[in-house]
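I have placed the structure first, in the form of structure tokens, so that the comments after it can refer back to it.
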Amino acid sequence: MTCADGLGWGSIDDTTSKVTKTKEGNNVRQSCSTKAGLKFPVGRISRRLKHGKYAARIGAGAPVYLAAVLEYLTAEVLELAGNIARERKVRRIVPRHIAIAVGTDEEMKTLLTGIVFPDGGIIPKMPALEYVRTPMEGGGVSIHTRACSL
């Protein structure tokens with residue numbers, strides 16, 4: 001038995017899906033993720049919240065909100081890592097690209113401090129440079145750089 005859109009019934013359980021009517025009057029089961037317009041599984045997050053004993057009671061909107069936040073953060077990290085991969089002219093995002101993307105973005109860096117990405121390598125830290133002008137004999141000026149002490 002399949003849904004109107006061709007999906008099977010096997011993976012949808014009764015707690016996270018509702019039966020809705022289409023224009024033709026057919027009953028179609030919709031998951032909470034589909035209703036919320038999300039790709040992340042709201043039903044699975046709800047189950048994990050309930051079985052994880054994080055609270056005595058979990059509201060109906062909590063797993064939807066958490067799924068939306070996780071989906072947004074994932075999209076941001078993948079966008080930044082995709083930009084790094086495009087700059088390096090490769091088509092595959094590797095853990096190194098994710099580590100560089102998180103290390104260069106200030107908000108992501110503060111959110112993910114203390115996180116170690118396997119095979120991510122070390123983020124290069126460029127020291128801040130200041131230009132120093134030193135007068136030379138004969139009236140010229142030499143300009144060179146040195147590391148700032150912050």
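Residue names in the structure tokens use chain letters A, B, ... in the order shown, residue numbers from 1 in each chain, and ligand numbers from 1 in the order shown.
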
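Residues within 7 Å of region 93-106 of chain A, counting only C-alpha atoms and excluding same-chain residues fewer than 6 positions away, are Val77, Leu80, Ala81, Gly82, Ile84, Ala85, Phe117, Pro118, Asp119, Gly120, Gly121 and Ile123 of chain A.
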
Report, in Å to a single decimal, how far apart CA of Glu107 (chain A) and CA of Glu87 (chain A) are.
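So the answer is 21.0 Å.
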
Which residues are close to Leu70 (chain A), i.e. within 12 Å by only C-alpha atoms, leaving aside same-chain residues fewer than 3 positions away? Reply as a list of chain:residue names.
A:Leu38, A:Lys39, A:Phe40, A:Pro41, A:Val42, A:Ile45, A:Pro63, A:Val64, A:Tyr65, A:Leu66, A:Ala67, A:Leu73, A:Thr74, A:Ala75, A:Glu76, A:Val77
